[in-house]
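Structure first, commentary second.
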Amino acid sequence: MTATSDNGACAWQPSQKSTPTFDLKFSTGELPVEPNRYSLVWGKFCPWATPVAILIDLLGLDEVIAKSPVYALRHDGVNDDWFFGPSADDVDPILKTKS
């Protein structure tokens, strides 16, 4: 296969997935709903993430969707933007990672 066509244009095309991920549905069983499979990492300061976190609780989805809050803190000597707790050494209980 050549990388260019006769007119010099790129002839290579990316492969297409047979089933795009965004077309899968929870209601048909294509995406299994099981505990600890999905997690929302969110900031309480974010106007878009906060309603989603509230809906997870109101709809009872907190049984299957874990939530990991991040804090917009700046610690001395640390150049990261997000932290999983008030201290730079705090570990996220769900993701088992630290800032």
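In the structure tokens, the first chain shown is A, the next is B, and so on; residue numbers restart at 1 for each chain, and ligands run from 1 in the order shown.
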
* Would you mind listing what lies within 12 Å of region 47-54 of chain A as a list of chain:residue names, with only C-alpha atoms counted and same-chain residues fewer than 5 positions away left out? =>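 That gives A:Ser39, A:Leu40, A:Val41, A:Trp42, A:Leu59, A:Gly60, A:Leu61, A:Asp62, A:Ile65, A:Ala66, A:Lys67, A:Ser68, A:Pro69, A:Val70.
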
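Inside region 20-59 of chain A, the residues DSSP reads as strand (DSSP E) when given the backbone are Tyr38, Ser39, Leu40, Val41, Trp42 and Gly43 of chain A.
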
* Asked: So how far away is CA of Tyr71 (chain A) from CA of Phe45 (chain A), in Å?
  ->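 Atom-to-atom, CA of Phe45 (chain A) and CA of Tyr71 (chain A) are spaced 8.1 Å apart.
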
* To do: Give me, please, the distance in Å between CA of Glu34 (chain A) and CA of Val64 (chain A), quoted to one decimal.
  =>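 So the two atoms, CA of Glu34 (chain A) and CA of Val64 (chain A), lie 5.7 Å apart.
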
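CA of Tyr38 (chain A) lies 16.9 Å from CA of Leu58 (chain A).
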